[in-house]
Structures are given as C-alpha cells and as structure tokens.
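Chemist: Before we start, here is the structure in question, set down as structure tokens.
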Amino acid sequence: VDLPFDFCFFGNTFDQISIGANGVVTFNMALASPPGFDLTTATYCEWSFFQTMPNAIEVPYHNSISGAYHDVDPFIGGDIFISTIGEYPCRKFIVNYDELPHYGNFWTGSSWCNFITTSQQIVLHEGTNVIEVFLGSKPTCSDWNSGNAVLGIQNDNGTLAYTPPGRNTGDWDANEEAWRFEPNGVPTYTVEWLDSEGNVIGNDAQVTICP
C-alpha cells in the first residue's frame, strides 16, 4: 500500500509498505502481492522460522518491522486494517492486527491454537521516523513452530537489527506492552513551541514555560 508520507528506515526513504499476514510489515516491495491478488496469487508470508535477528537468511525478513511476527491465521477470523490519524506534518500510519487467531493444525494436535488470538499495532510517525509497536494481547502456542515469535526491526541486508530484551526469536508472550524505536541519525525535522500570539518560545523537544 502507499504510505501517506515518506518514511526513512535505516537511512533509506520509502513511500510504500507491504503488510504481511503474520504480523510483519516490510519496505521490500518484491515481497508484495500483485495487483488484484486472491488466495491463489497472493505472495506467501513465511510462518516457519527459528533464526534470531539480525540474520542473513531473510527470515525473519530483511528491511522489515516485526511486531510481533508469528504464525496467525486471518483466514479463519480477526481483521487486519490500516488507518492514518493526525494532521500534516504529524500524522501516524497504523497497521492494526485485531484478534487474529493463532494458526493450528488438526493433524499435529495444535488445533487448540485457533482459539487464542493476538491483537497488536505497528505505528509509523511522520517526520520523526519513529516506530512504535503495541501488543494488546500476544499469547503463545508452543505446539506450533515451537511458539516462535520476534519483535524488532532489521535492515535491508540482515546485518543490523534491534530487538527489545526477551523479544528476539523465541517462545514468549506479552500483554499490554509497548516498544518504541527512535532513529539516531541527524533529525529531518525541527521543533517549534509557540505562545498564544504565535511567537516561538522554544526549539527543544521539551520546554519549560511560565504561563
């Protein structure tokens, strides 16, 4: 899908994003499904992985935001939708994964996983290029793919990644949890605090005033 604003990720700027069914979004458009796709032509979102980030194997995906990336099954329930809130130049692009059932396979005895769900969000901030991940409820299904899930960001060749403590590839669960990834490069924005008459009274991220 087209982003409502340009977004800088590991030093590269993008205006499109591809949304994976398993809780991962990528700036690699080679992984996007073709226009007019259906169940038979859609690009496959890999579910089986054991590698941690960073990795050279491509799964977990390069040039991507995993939050949390694990095997869910939107075919049988839940919803994935996008929204843009706020006004220029401070908009937020949000990818919502709403009550998606975990994948379960009757033949492996993991079909009970269909009855547990994940709700989470990935949020991109305009201008600051900040990324936020919100986990409303992310249980685990240890009977499928060893319960593996990963939360983090990874660059385009798998040489650099950032994951919160205890959230790299493994069997973990989370409830009402949030993480923020902030760029450490030169800011591409300026900050201005204005008084009621429009006078600039500060340019730092925080300002102390006497009203």
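Scheme for the structure tokens: letters A, B, ... for chains in order shown; per-chain residue numbers from 1; ligand numbers from 1 in order shown.
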Which residues of region 71-92 of chain A sit at most 7 Å from region 119-127 of chain A, using only C-alpha atoms? Give each one's shortest atom pair and distance in Å (one decimal place), in chain and ascending residue order, as a Markdown table.
Modeler:
| residue | atom | partner | partner_atom | distance |
| --- | --- | --- | --- | --- |
| A:Pro89 | CA | A:Glu126 | CA | 6.5 |
| A:Cys90 | CA | A:Glu126 | CA | 5.5 |
| A:Arg91 | CA | A:Glu126 | CA | 5.3 |
| A:Lys92 | CA | A:His125 | CA | 4.7 |
Chemist: Return as JSON lines the residues of region 158-205 of chain A lying at most 12 Å from region 42-51 of chain A, together with the closest atom-to-atom pair for each and the distance in Å to one decimal, counting only C-alpha atoms, with rows in chain order and ascending residue number.
Modeler:
{"residue": "A:Gly158", "atom": "CA", "partner": "A:Gln51", "partner_atom": "CA", "distance": 11.3}
{"residue": "A:Asn168", "atom": "CA", "partner": "A:Gln51", "partner_atom": "CA", "distance": 9.1}
{"residue": "A:Thr169", "atom": "CA", "partner": "A:Gln51", "partner_atom": "CA", "distance": 6.6}
{"residue": "A:Gly170", "atom": "CA", "partner": "A:Phe50", "partner_atom": "CA", "distance": 7.7}
{"residue": "A:Asp171", "atom": "CA", "partner": "A:Phe50", "partner_atom": "CA", "distance": 10.4}
Chemist: Between A:Ile17, A:Val72, A:Met53, A:Ala30, single out the one closest to Gln154 (chain A), counting only C-alpha atoms.
Modeler: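 Once distances to Gln154 (chain A) are computed over only C-alpha atoms, the minimum belongs to A:Met53.
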Chemist: Pick out each residue of region 21-185 of chain A that DSSP on the backbone tags as strand (DSSP E or B); I need them as a PyMOL selection string.
Modeler: chain A and resi 24-26+64-69+72+79-85+92-102+117-125+131-138+148-154+161-162+170-171+174-181
Chemist: What is the distance between CA of Val59 (chain A) and CA of Val186 (chain A), in Å to one decimal?
Modeler: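 Computed distance, CA of Val59 (chain A) to CA of Val186 (chain A), equals 29.8 Å.
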Chemist: Find the residues near Arg167 (chain A): any atom within 8 Å, counting only C-alpha atoms, skip ones fewer than 6 places away on the same chain, and give them as JSON, numbers by chain.
Modeler: {"A": [149, 150, 151, 152]}
Chemist: Would you mind exporting N, CA, C and O atoms of the selected residues as a short mmCIF file (atom, residue, chain, number, x, y, z; two decimals), in the first residue's frame?
Modeler:
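Resulting contents of selection.cif:
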data_model
loop_
_atom_site.label_atom_id
_atom_site.label_comp_id
_atom_site.auth_asym_id
_atom_site.auth_seq_id
_atom_site.Cartn_x
_atom_site.Cartn_y
_atom_site.Cartn_z
N ALA A 149 8.23 -16.37 18.02
CA ALA A 149 7.78 -15.03 17.65
C ALA A 149 8.97 -14.10 17.80
O ALA A 149 9.91 -14.39 18.54
N VAL A 150 8.92 -12.97 17.09
CA VAL A 150 10.01 -11.99 17.19
C VAL A 150 9.42 -10.58 17.07
O VAL A 150 8.45 -10.37 16.33
N LEU A 151 9.99 -9.65 17.82
CA LEU A 151 9.60 -8.25 17.75
C LEU A 151 10.87 -7.43 17.56
O LEU A 151 11.81 -7.56 18.35
N GLY A 152 10.91 -6.61 16.51
CA GLY A 152 12.09 -5.80 16.29
C GLY A 152 12.14 -5.26 14.88
O GLY A 152 11.21 -5.45 14.08
#
Chemist: Report, in Å with one decimal, the straight-line distance from CA of Glu99 (chain A) to CA of Pro165 (chain A).
Modeler: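 Distance reported for this atom pair: 24.7 Å.
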